[in-house]
$ cat structure.txt   # compact mmCIF, C-alpha atoms
# COMPACT_ATOMS: atom_id res chain seq x y z
CA MET A 1 88.37 107.93 98.43
CA ILE A 2 89.93 104.52 99.04
CA ARG A 3 92.22 103.41 96.22
CA GLU A 4 91.36 100.37 94.09
CA GLU A 5 94.59 98.65 95.20
CA SER A 6 94.18 99.64 98.85
CA PRO A 7 95.10 96.92 101.38
CA LEU A 8 91.81 97.75 103.09
CA ARG A 9 90.04 96.10 100.15
CA ARG A 10 92.20 92.96 100.38
CA LEU A 11 92.58 92.27 104.07
CA PRO A 12 95.17 89.64 105.08
CA LEU A 13 93.87 86.28 106.29
CA ALA A 14 96.36 86.59 109.17
CA LEU A 15 94.56 89.64 110.56
CA PRO A 16 92.99 88.74 113.94
CA PRO A 17 89.22 88.20 113.52
CA SER A 18 88.42 90.72 116.26
CA GLN A 19 90.32 93.36 114.30
CA LEU A 20 89.22 92.26 110.83
CA VAL A 21 85.50 92.90 111.38
CA PHE A 22 86.18 96.44 112.61
CA VAL A 23 88.65 97.34 109.85
CA ASP A 24 86.25 96.00 107.24
CA GLY A 25 83.45 98.10 108.75
CA LEU A 26 85.66 101.19 108.72
CA ARG A 27 86.45 100.70 105.05
CA LEU A 28 82.79 100.25 104.08
CA SER A 29 81.69 103.25 106.16
CA LEU A 30 84.36 105.49 104.63
CA GLU A 31 83.53 104.41 101.09
CA SER A 32 79.82 104.95 101.76
CA ALA A 33 80.51 108.49 103.03
CA ALA A 34 82.79 109.28 100.08
CA LEU A 35 80.24 108.04 97.54
CA ALA A 36 77.40 110.01 99.14
CA TYR A 37 79.57 113.14 99.33
CA HIS A 38 80.52 112.81 95.65
CA ARG A 39 76.83 112.68 94.70
CA LEU A 40 76.16 115.62 97.03
CA HIS A 41 79.02 117.63 95.50
CA GLU A 42 77.72 117.07 91.97
CA GLY A 43 74.15 117.88 93.01
CA LEU A 44 75.12 121.13 94.75
CA LEU A 45 77.19 122.15 91.75
CA ALA A 46 74.18 121.58 89.48
CA ILE A 47 71.98 123.64 91.83
CA THR A 48 74.55 126.45 91.79
CA VAL A 49 74.62 126.52 87.99
CA ALA A 50 70.81 126.36 87.79
CA SER A 51 70.50 129.28 90.24
CA THR A 52 71.83 131.68 87.59
CA LYS A 53 68.70 130.87 85.58
CA GLY A 54 66.35 130.81 88.56
CA ALA A 55 65.27 127.26 87.82
CA HIS A 56 65.67 124.16 89.97
CA GLU A 57 64.66 120.54 89.69
CA HIS A 58 62.79 119.73 92.89
CA ASN A 59 64.21 116.21 92.99
CA THR A 60 67.75 117.65 92.92
CA LEU A 61 67.05 119.45 96.19
CA ILE A 62 65.63 116.32 97.81
CA ALA A 63 68.56 114.24 96.55
CA ALA A 64 70.98 116.70 98.15
CA GLY A 65 69.20 116.27 101.48
CA VAL A 66 69.29 112.47 101.19
CA ASP A 67 73.01 112.46 100.36
CA ALA A 68 73.91 114.95 103.11
CA TRP A 69 72.21 112.83 105.76
CA CYS A 70 73.84 109.71 104.30
CA VAL A 71 77.25 111.37 104.82
CA VAL A 72 76.30 112.09 108.43
CA ASP A 73 75.17 108.52 109.06
CA SER A 74 78.23 106.94 107.39
CA LEU A 75 80.79 109.17 109.10
CA ARG A 76 79.13 108.73 112.47
CA ARG A 77 79.34 104.94 111.95
CA PHE A 78 83.01 105.34 110.97
CA ARG A 79 83.58 107.38 114.14
CA ARG A 80 81.95 104.80 116.41
CA LEU A 81 83.84 101.89 114.84
CA LEU A 82 87.15 103.74 115.02
CA GLN A 83 86.68 104.28 118.76
CA HIS A 84 86.43 100.51 119.30
CA THR A 85 88.85 99.11 116.69
CA PRO A 86 91.56 96.97 118.33
CA GLY A 87 95.07 98.21 117.63
CA VAL A 88 94.09 101.80 116.79
CA LYS A 89 96.07 104.38 118.78
CA GLN A 90 93.22 106.50 120.06
CA ASN A 91 95.58 109.24 121.24
CA ALA A 92 97.16 109.67 117.82
CA PRO A 93 96.86 113.29 116.58
CA GLY A 94 94.83 112.28 113.51
CA CYS A 95 92.25 110.38 115.58
CA GLN A 96 91.99 113.10 118.20
CA GLN A 97 91.49 115.83 115.58
CA PHE A 98 88.83 113.73 113.87
CA TYR A 99 86.99 113.11 117.15
CA ARG A 100 87.09 116.78 118.17
CA SER A 101 85.85 118.00 114.78
CA THR A 102 83.04 115.51 114.31
CA GLY A 103 81.24 115.48 117.67
CA ALA A 104 78.24 117.19 116.04
CA LEU A 105 77.68 114.09 113.89
CA GLU A 106 76.54 112.19 116.97
CA THR A 107 73.87 114.77 117.81
CA LEU A 108 72.70 115.09 114.22
CA ARG A 109 72.41 111.37 113.67
CA ASP A 110 70.66 110.72 116.99
CA SER A 111 68.22 113.56 116.32
CA ALA A 112 67.42 112.17 112.88
CA GLN A 113 66.77 108.75 114.41
CA HIS A 114 64.31 110.24 116.91
CA LEU A 115 62.42 112.74 114.78
CA GLU A 116 59.21 112.16 116.71
CA ASP A 117 60.93 113.49 119.83
CA ARG A 118 62.52 116.44 118.02
CA ALA A 119 59.42 117.65 116.18
CA SER A 120 58.25 119.94 119.00
CA GLN A 121 61.76 121.37 119.35
CA ALA A 122 61.85 122.22 115.64
CA LEU A 123 58.39 123.81 115.89
CA GLU A 124 59.28 126.00 118.87
CA ALA A 125 62.59 127.15 117.37
CA GLU A 126 60.97 127.67 113.92
CA LEU A 127 63.56 125.40 112.36
CA PRO A 128 63.11 123.58 109.06
CA PHE A 129 62.24 120.00 109.90
CA TRP A 130 65.05 118.42 107.84
CA GLY A 131 67.56 121.24 108.26
CA THR A 132 69.53 123.42 105.87
CA ILE A 133 72.51 122.73 103.63
CA ALA A 134 74.89 125.59 102.94
CA TRP A 135 77.96 125.55 100.72
CA THR A 136 80.50 127.74 98.94
CA ALA A 137 80.82 127.40 95.17
CA VAL A 138 83.41 128.80 92.80
CA VAL A 139 81.61 130.89 90.17
CA ASP A 140 84.60 132.37 88.32
CA ALA A 141 88.08 131.23 89.37
CA ASP A 142 89.84 133.84 87.21
CA GLN A 143 88.05 136.68 89.02
CA ASN A 144 88.12 134.98 92.45
CA LEU A 145 84.32 135.07 92.45
CA VAL A 146 82.46 132.65 94.71
CA ALA A 147 78.84 132.23 95.76
CA GLN A 148 77.44 131.19 99.11
CA MET A 149 74.40 129.00 98.64
CA MET A 150 71.79 127.42 100.89
CA ILE A 151 68.95 124.93 100.63
CA VAL A 152 66.18 125.04 103.22
CA LEU A 153 64.63 121.58 103.38
CA GLY A 154 60.96 121.46 104.28
CA ALA A 155 58.13 123.92 104.78
CA LEU A 156 59.30 127.54 104.96
CA ARG A 157 58.50 129.48 108.12
CA THR A 158 59.80 132.74 109.49
CA GLY A 159 63.24 132.38 111.03
CA LEU A 160 66.92 133.07 110.53
CA HIS A 161 69.18 130.64 108.71
CA PRO A 162 72.76 131.89 109.12
CA LEU A 163 75.35 131.10 106.48
CA PRO A 164 78.51 129.40 107.78
CA LYS A 165 81.59 131.56 108.33
CA THR A 166 84.02 130.55 105.59
CA LEU A 167 85.64 133.92 104.88
CA GLY A 168 89.40 133.56 104.47
CA ARG A 169 89.30 129.77 104.30
CA PRO A 170 90.74 128.01 101.24
CA ILE A 171 88.25 126.45 98.83
CA ARG A 172 89.11 123.02 97.46
CA GLY A 173 87.34 122.16 94.23
CA GLU A 174 84.25 123.73 92.71
CA VAL A 175 82.13 123.14 95.83
CA ASP A 176 83.45 123.18 99.39
CA HIS A 177 82.50 123.87 103.02
CA VAL A 178 79.26 121.94 102.78
CA VAL A 179 77.54 122.51 106.13
CA LEU A 180 74.45 120.66 107.31
CA ARG A 181 72.56 122.45 110.08
CA ALA A 182 69.61 120.85 111.87
CA PHE A 183 68.19 120.62 115.39
CA GLU A 184 70.35 123.57 116.47
CA GLU A 185 73.53 121.69 115.56
CA GLU A 186 75.79 121.90 112.52
CA ALA A 187 78.59 119.92 110.89
CA ASN A 188 80.98 120.82 108.09
CA LEU A 189 80.70 117.67 105.98
CA SER A 190 83.61 118.66 103.72
CA ASP A 191 86.03 119.00 106.62
CA ALA A 192 84.72 115.86 108.33
CA LEU A 193 85.26 113.72 105.24
CA ARG A 194 88.77 115.10 104.69
CA LEU A 195 89.70 114.22 108.28
CA ALA A 196 88.19 110.74 107.90
CA ASP A 197 90.22 110.29 104.71
CA HIS A 198 93.40 111.12 106.65
CA VAL A 199 92.51 108.51 109.25
CA GLY A 200 91.80 105.98 106.49
CA ALA A 201 95.16 106.70 104.86
CA GLU A 202 96.92 106.12 108.19
CA LEU A 203 95.10 102.79 108.57
CA GLU A 204 96.25 101.82 105.08
CA ARG A 205 99.85 102.77 105.89
CA ARG A 206 99.93 100.80 109.13
CA LEU A 207 98.31 97.75 107.55
CA ALA A 208 100.82 97.83 104.68
CA GLU A 209 103.73 98.13 107.13
CA GLU A 210 102.60 95.33 109.39
CA MET A 211 101.27 92.85 106.81
CA GLY A 212 102.48 94.14 103.46
CA ASP A 213 104.18 90.81 102.66
CA ALA A 214 101.05 88.73 103.23
CA THR A 215 99.96 86.87 100.09
CA ASP A 216 96.85 85.15 101.46
CA ARG A 217 94.13 87.77 101.50
CA PHE A 218 90.35 88.00 101.62
CA SER A 219 88.39 88.99 98.55
CA SER A 220 85.73 91.62 99.08
CA ASP A 221 82.45 92.96 97.69
CA LEU A 222 81.47 89.90 95.67
CA VAL A 223 78.67 89.98 93.10
CA VAL A 224 76.60 86.79 92.88
CA ARG A 225 74.25 85.98 90.01
CA VAL A 226 72.10 82.90 89.52
CA ASP A 227 70.15 82.47 86.29
CA LEU A 228 66.95 80.43 86.59
CA LYS A 229 64.99 79.03 83.70
CA GLY A 230 61.31 78.40 84.15
CA VAL A 231 59.80 75.06 83.16
CA ASP A 232 56.33 74.94 81.62
CA GLU A 233 54.18 72.41 83.39
CA PRO A 234 50.53 71.60 82.73
CA ALA A 235 48.21 73.20 85.22
CA PRO A 236 46.77 70.69 87.69
CA GLU A 237 43.17 69.72 87.06
CA GLN A 238 40.77 71.65 89.24
CA ALA A 239 38.94 69.39 91.60
CA SER A 240 35.17 69.75 91.64
CA ILE A 241 32.86 69.14 94.56
CA ASN A 242 29.51 67.68 93.59
CA GLU A 243 26.41 68.43 95.53
CA PRO A 244 25.19 65.28 97.25
CA ALA A 245 22.10 63.86 95.63
CA GLY A 246 18.93 64.85 97.39

$ encode --input "structure.txt" --output "structure tokens"
Amino acid sequence: MIREESPLRRLPLALPPSQLVFVDGLRLSLESAALAYHRLHEGLLAITVASTKGAHEHNTLIAAGVDAWCVVDSLRRFRRLLQHTPGVKQNAPGCQQFYRSTGALETLRDSAQHLEDRASQALEAELPFWGTIAWTAVVDADQNLVAQMMIVLGALRTGLHPLPKTLGRPIRGEVDHVVLRAFEEEANLSDALRLADHVGAELERRLAEEMGDATDRFSSDLVVRVDLKGVDEPAPEQASINEPAG
């Protein structure tokens, strides 16, 4: 998550306009992904807890699907912008690792944007129309007990929905390794966001190094409010049309 005092939120006026618009877009895309992932994390944790009682709020499942696809869309936008941002060293290890690990986001996002073309593919492969979300949740940290969970979004048909292979991988937080699988493609949203965060931190560091002394900076994310007071006016008289005399 981008810090409140991050230089990405107060871009220097001296930043070249061609670079400013891209850096601003990167910041907004990353914050959008982080916000959606936070909601997704909390929702999946609630579903995990509710599963011990065998009860689920239907809207919680739908919200998880909405947030997961929002993460995909935001990170894919971040990825595209990063590839075209002036001044970014595309061969840097952090960028290259991010690109290699997030290629599936392109396929997922494009498939979601062309659902009408993918419907027959989903039908033939007996795939859920909106995919599956799988995750690993810590049930009891003292006993090293975890649960692997999955949501199947959409009408249930016969078919296999494999759980992601997370055995032996460290688990960060109460919910981790959130994997969205759809259209025969999958992406680990937890890993993708962590890698994007590393790229964002490097952008912050470079911006602070190059323009840390700049005092003239742009504000960002302004809220505008205008209060309007109505004025009572008498209603205009309704004109009447008289029938011409016979």

$ closest_residue --input "structure.txt" --among "A:Leu228, A:Leu153, A:Leu193, A:Val179" --to "A:Val66" --atoms "only C-alpha atoms"
A:Leu153

$ closest_atom_pairs --input "structure.txt" --of "stretch 117-211 of chain A" --to "stretch 81-88 of chain A" --cutoff "12 Å" --atoms "all atoms listed in the file" --output "Markdown table"
| residue | atom | partner | partner_atom | distance |
| --- | --- | --- | --- | --- |
| A:Ala196 | CA | A:Leu82 | CA | 10.0 |
| A:Val199 | CA | A:Leu82 | CA | 9.2 |
| A:Gly200 | CA | A:Leu82 | CA | 10.0 |
| A:Glu202 | CA | A:Val88 | CA | 10.0 |
| A:Leu203 | CA | A:Val88 | CA | 8.3 |
| A:Glu204 | CA | A:Val88 | CA | 11.9 |
| A:Arg206 | CA | A:Val88 | CA | 9.7 |
| A:Leu207 | CA | A:Gly87 | CA | 10.6 |
| A:Glu210 | CA | A:Gly87 | CA | 11.5 |

$ closest_atom_pairs --input "structure.txt" --of "stretch 131-198 of chain A" --to "stretch 42-54 of chain A" --cutoff "8 Å" --atoms "all atoms listed in the file" --output "tab-separated table"
residue	atom	partner	partner_atom	distance
A:Trp135	CA	A:Leu44	CA	8.0
A:Ala137	CA	A:Thr48	CA	7.2
A:Met149	CA	A:Thr48	CA	7.3
A:Glu174	CA	A:Leu45	CA	7.3
A:Val175	CA	A:Leu45	CA	6.5

$ residues_around --input "structure.txt" --residues "A:Ala33" --least-positions-apart "6" --cutoff "9 Å" --atoms "only C-alpha atoms" --output "list in words"
Asp67, Cys70, Val71, Val72, Asp73, Ser74, Leu75, Phe78 and Leu193 of chain A

$ atom_distance --input "structure.txt" --atom1 "atom CA of A:Thr136" --atom2 "atom CA of A:Gln96"
26.8 Å

$ residues_around --input "structure.txt" --residues "A:Asp197" --least-positions-apart "5" --cutoff "12 Å" --atoms "all atoms listed in the file" --output "ChimeraX atom specification"
/A:1-3,26-27,29-31,33-34,75,78-79,94-95,98,190-192,202-204

$ write_last_selection --input "structure.txt" --atoms "C-alpha atoms" --output "mmCIF file, in the frame of the given file"
data_model
loop_
_atom_site.group_PDB
_atom_site.id
_atom_site.type_symbol
_atom_site.label_atom_id
_atom_site.label_comp_id
_atom_site.auth_asym_id
_atom_site.auth_seq_id
_atom_site.Cartn_x
_atom_site.Cartn_y
_atom_site.Cartn_z
ATOM 1 C CA MET A 1 88.370 107.930 98.430
ATOM 2 C CA ILE A 2 89.930 104.520 99.040
ATOM 3 C CA ARG A 3 92.220 103.410 96.220
ATOM 4 C CA LEU A 26 85.660 101.190 108.720
ATOM 5 C CA ARG A 27 86.450 100.700 105.050
ATOM 6 C CA SER A 29 81.690 103.250 106.160
ATOM 7 C CA LEU A 30 84.360 105.490 104.630
ATOM 8 C CA GLU A 31 83.530 104.410 101.090
ATOM 9 C CA ALA A 33 80.510 108.490 103.030
ATOM 10 C CA ALA A 34 82.790 109.280 100.080
ATOM 11 C CA LEU A 75 80.790 109.170 109.100
ATOM 12 C CA PHE A 78 83.010 105.340 110.970
ATOM 13 C CA ARG A 79 83.580 107.380 114.140
ATOM 14 C CA GLY A 94 94.830 112.280 113.510
ATOM 15 C CA CYS A 95 92.250 110.380 115.580
ATOM 16 C CA PHE A 98 88.830 113.730 113.870
ATOM 17 C CA SER A 190 83.610 118.660 103.720
ATOM 18 C CA ASP A 191 86.030 119.000 106.620
ATOM 19 C CA ALA A 192 84.720 115.860 108.330
ATOM 20 C CA GLU A 202 96.920 106.120 108.190
ATOM 21 C CA LEU A 203 95.100 102.790 108.570
ATOM 22 C CA GLU A 204 96.250 101.820 105.080
#

$ atom_distance --input "structure.txt" --atom1 "atom CA of A:His177" --atom2 "atom CA of A:Trp69"
15.3 Å

$ closest_residue --input "structure.txt" --among "A:Phe183, A:Phe22, A:Tyr99, A:Tyr37" --to "A:Gln113" --atoms "all atoms listed in the file"
A:Phe183

$ atom_distance --input "structure.txt" --atom1 "atom CA of A:Leu61" --atom2 "atom CA of A:Ile151"
7.3 Å

$ residues_near_point --input "structure.txt" --point "(81.1, 129.0, 108.6)" --cutoff "10 Å" --atoms "all atoms listed in the file" --output "PyMOL selection string"
chain A and resi 134-136+162-167+169+177-179+186-188

$ closest_residue --input "structure.txt" --among "A:Asn91, A:Ser220, A:Asn144, A:Thr215" --to "A:Ala14" --atoms "all atoms listed in the file"
A:Thr215

$ closest_residue --input "structure.txt" --among "A:Leu189, A:Ala112, A:Val23, A:Ala92" --to "A:His41" --atoms "only C-alpha atoms"
A:Leu189

$ residues_near_point --input "structure.txt" --point "(72.2, 120.6, 104.5)" --cutoff "7 Å" --atoms "all atoms listed in the file" --output "PyMOL selection string"
chain A and resi 65+68+131-134+151+179-181

$ residues_around --input "structure.txt" --residues "A:Thr107" --least-positions-apart "4" --cutoff "8 Å" --atoms "all atoms listed in the file" --output "list of chain:residue names"
A:Gly103, A:Ser111, A:Glu185

$ closest_residue --input "structure.txt" --among "A:Ile171, A:Ser219, A:Leu195, A:Ala155" --to "A:Arg100" --atoms "all atoms listed in the file"
A:Leu195

$ decode --input "structure.txt" --residues "stretch 21-49 of chain A" --atoms "N, CA and C atoms" --output "PDB file, in the first residue's frame"
ATOM      1  N   VAL A  21       2.066  11.963 -16.311  1.00  0.00           N
ATOM      2  CA  VAL A  21       0.775  11.305 -16.533  1.00  0.00           C
ATOM      3  C   VAL A  21       0.888   9.797 -16.328  1.00  0.00           C
ATOM      4  N   PHE A  22       2.035   9.218 -16.692  1.00  0.00           N
ATOM      5  CA  PHE A  22       2.224   7.779 -16.503  1.00  0.00           C
ATOM      6  C   PHE A  22       2.431   7.433 -15.033  1.00  0.00           C
ATOM      7  N   VAL A  23       3.266   8.210 -14.348  1.00  0.00           N
ATOM      8  CA  VAL A  23       3.533   7.942 -12.931  1.00  0.00           C
ATOM      9  C   VAL A  23       2.257   8.098 -12.110  1.00  0.00           C
ATOM     10  N   ASP A  24       1.465   9.105 -12.443  1.00  0.00           N
ATOM     11  CA  ASP A  24       0.198   9.296 -11.744  1.00  0.00           C
ATOM     12  C   ASP A  24      -0.730   8.114 -11.987  1.00  0.00           C
ATOM     13  N   GLY A  25      -0.766   7.620 -13.221  1.00  0.00           N
ATOM     14  CA  GLY A  25      -1.588   6.448 -13.541  1.00  0.00           C
ATOM     15  C   GLY A  25      -1.112   5.203 -12.819  1.00  0.00           C
ATOM     16  N   LEU A  26       0.195   5.043 -12.692  1.00  0.00           N
ATOM     17  CA  LEU A  26       0.750   3.899 -11.956  1.00  0.00           C
ATOM     18  C   LEU A  26       0.312   3.937 -10.501  1.00  0.00           C
ATOM     19  N   ARG A  27       0.406   5.120  -9.908  1.00  0.00           N
ATOM     20  CA  ARG A  27       0.025   5.252  -8.489  1.00  0.00           C
ATOM     21  C   ARG A  27      -1.455   4.919  -8.279  1.00  0.00           C
ATOM     22  N   LEU A  28      -2.318   5.442  -9.136  1.00  0.00           N
ATOM     23  CA  LEU A  28      -3.748   5.191  -8.997  1.00  0.00           C
ATOM     24  C   LEU A  28      -4.087   3.716  -9.237  1.00  0.00           C
ATOM     25  N   SER A  29      -3.426   3.100 -10.206  1.00  0.00           N
ATOM     26  CA  SER A  29      -3.664   1.676 -10.491  1.00  0.00           C
ATOM     27  C   SER A  29      -3.230   0.811  -9.316  1.00  0.00           C
ATOM     28  N   LEU A  30      -2.072   1.132  -8.733  1.00  0.00           N
ATOM     29  CA  LEU A  30      -1.563   0.343  -7.613  1.00  0.00           C
ATOM     30  C   LEU A  30      -2.452   0.499  -6.388  1.00  0.00           C
ATOM     31  N   GLU A  31      -2.904   1.718  -6.127  1.00  0.00           N
ATOM     32  CA  GLU A  31      -3.784   1.929  -4.979  1.00  0.00           C
ATOM     33  C   GLU A  31      -5.132   1.246  -5.187  1.00  0.00           C
ATOM     34  N   SER A  32      -5.627   1.256  -6.417  1.00  0.00           N
ATOM     35  CA  SER A  32      -6.885   0.574  -6.723  1.00  0.00           C
ATOM     36  C   SER A  32      -6.754  -0.922  -6.483  1.00  0.00           C
ATOM     37  N   ALA A  33      -5.641  -1.512  -6.922  1.00  0.00           N
ATOM     38  CA  ALA A  33      -5.404  -2.948  -6.724  1.00  0.00           C
ATOM     39  C   ALA A  33      -5.284  -3.283  -5.244  1.00  0.00           C
ATOM     40  N   ALA A  34      -4.558  -2.435  -4.495  1.00  0.00           N
ATOM     41  CA  ALA A  34      -4.357  -2.692  -3.069  1.00  0.00           C
ATOM     42  C   ALA A  34      -5.675  -2.598  -2.299  1.00  0.00           C
ATOM     43  N   LEU A  35      -6.506  -1.626  -2.654  1.00  0.00           N
ATOM     44  CA  LEU A  35      -7.793  -1.469  -1.983  1.00  0.00           C
ATOM     45  C   LEU A  35      -8.703  -2.656  -2.271  1.00  0.00           C
ATOM     46  N   ALA A  36      -8.753  -3.086  -3.535  1.00  0.00           N
ATOM     47  CA  ALA A  36      -9.591  -4.224  -3.896  1.00  0.00           C
ATOM     48  C   ALA A  36      -9.083  -5.498  -3.220  1.00  0.00           C
ATOM     49  N   TYR A  37      -7.754  -5.657  -3.150  1.00  0.00           N
ATOM     50  CA  TYR A  37      -7.205  -6.860  -2.515  1.00  0.00           C
ATOM     51  C   TYR A  37      -7.488  -6.863  -1.011  1.00  0.00           C
ATOM     52  N   HIS A  38      -7.445  -5.699  -0.387  1.00  0.00           N
ATOM     53  CA  HIS A  38      -7.770  -5.624   1.049  1.00  0.00           C
ATOM     54  C   HIS A  38      -9.215  -6.071   1.287  1.00  0.00           C
ATOM     55  N   ARG A  39     -10.135  -5.588   0.469  1.00  0.00           N
ATOM     56  CA  ARG A  39     -11.535  -6.012   0.593  1.00  0.00           C
ATOM     57  C   ARG A  39     -11.656  -7.512   0.358  1.00  0.00           C
ATOM     58  N   LEU A  40     -10.936  -7.996  -0.663  1.00  0.00           N
ATOM     59  CA  LEU A  40     -10.965  -9.427  -0.989  1.00  0.00           C
ATOM     60  C   LEU A  40     -10.429 -10.249   0.174  1.00  0.00           C
ATOM     61  N   HIS A  41      -9.321  -9.820   0.754  1.00  0.00           N
ATOM     62  CA  HIS A  41      -8.719 -10.515   1.898  1.00  0.00           C
ATOM     63  C   HIS A  41      -9.714 -10.626   3.044  1.00  0.00           C
ATOM     64  N   GLU A  42     -10.357  -9.513   3.379  1.00  0.00           N
ATOM     65  CA  GLU A  42     -11.314  -9.513   4.487  1.00  0.00           C
ATOM     66  C   GLU A  42     -12.526 -10.396   4.164  1.00  0.00           C
ATOM     67  N   GLY A  43     -12.973 -10.360   2.922  1.00  0.00           N
ATOM     68  CA  GLY A  43     -14.114 -11.180   2.530  1.00  0.00           C
ATOM     69  C   GLY A  43     -13.798 -12.665   2.586  1.00  0.00           C
ATOM     70  N   LEU A  44     -12.622 -13.051   2.100  1.00  0.00           N
ATOM     71  CA  LEU A  44     -12.228 -14.466   2.121  1.00  0.00           C
ATOM     72  C   LEU A  44     -12.015 -14.956   3.549  1.00  0.00           C
ATOM     73  N   LEU A  45     -11.518 -14.080   4.407  1.00  0.00           N
ATOM     74  CA  LEU A  45     -11.359 -14.456   5.809  1.00  0.00           C
ATOM     75  C   LEU A  45     -12.726 -14.701   6.448  1.00  0.00           C
ATOM     76  N   ALA A  46     -13.697 -13.841   6.133  1.00  0.00           N
ATOM     77  CA  ALA A  46     -15.056 -14.019   6.666  1.00  0.00           C
ATOM     78  C   ALA A  46     -15.680 -15.313   6.153  1.00  0.00           C
ATOM     79  N   ILE A  47     -15.441 -15.639   4.882  1.00  0.00           N
ATOM     80  CA  ILE A  47     -15.970 -16.885   4.314  1.00  0.00           C
ATOM     81  C   ILE A  47     -15.330 -18.091   4.997  1.00  0.00           C
ATOM     82  N   THR A  48     -14.035 -18.000   5.280  1.00  0.00           N
ATOM     83  CA  THR A  48     -13.333 -19.096   5.969  1.00  0.00           C
ATOM     84  C   THR A  48     -13.927 -19.342   7.348  1.00  0.00           C
ATOM     85  N   VAL A  49     -14.143 -18.264   8.085  1.00  0.00           N
ATOM     86  CA  VAL A  49     -14.715 -18.381   9.434  1.00  0.00           C
ATOM     87  C   VAL A  49     -16.135 -18.951   9.357  1.00  0.00           C
TER      88      VAL A  49
END
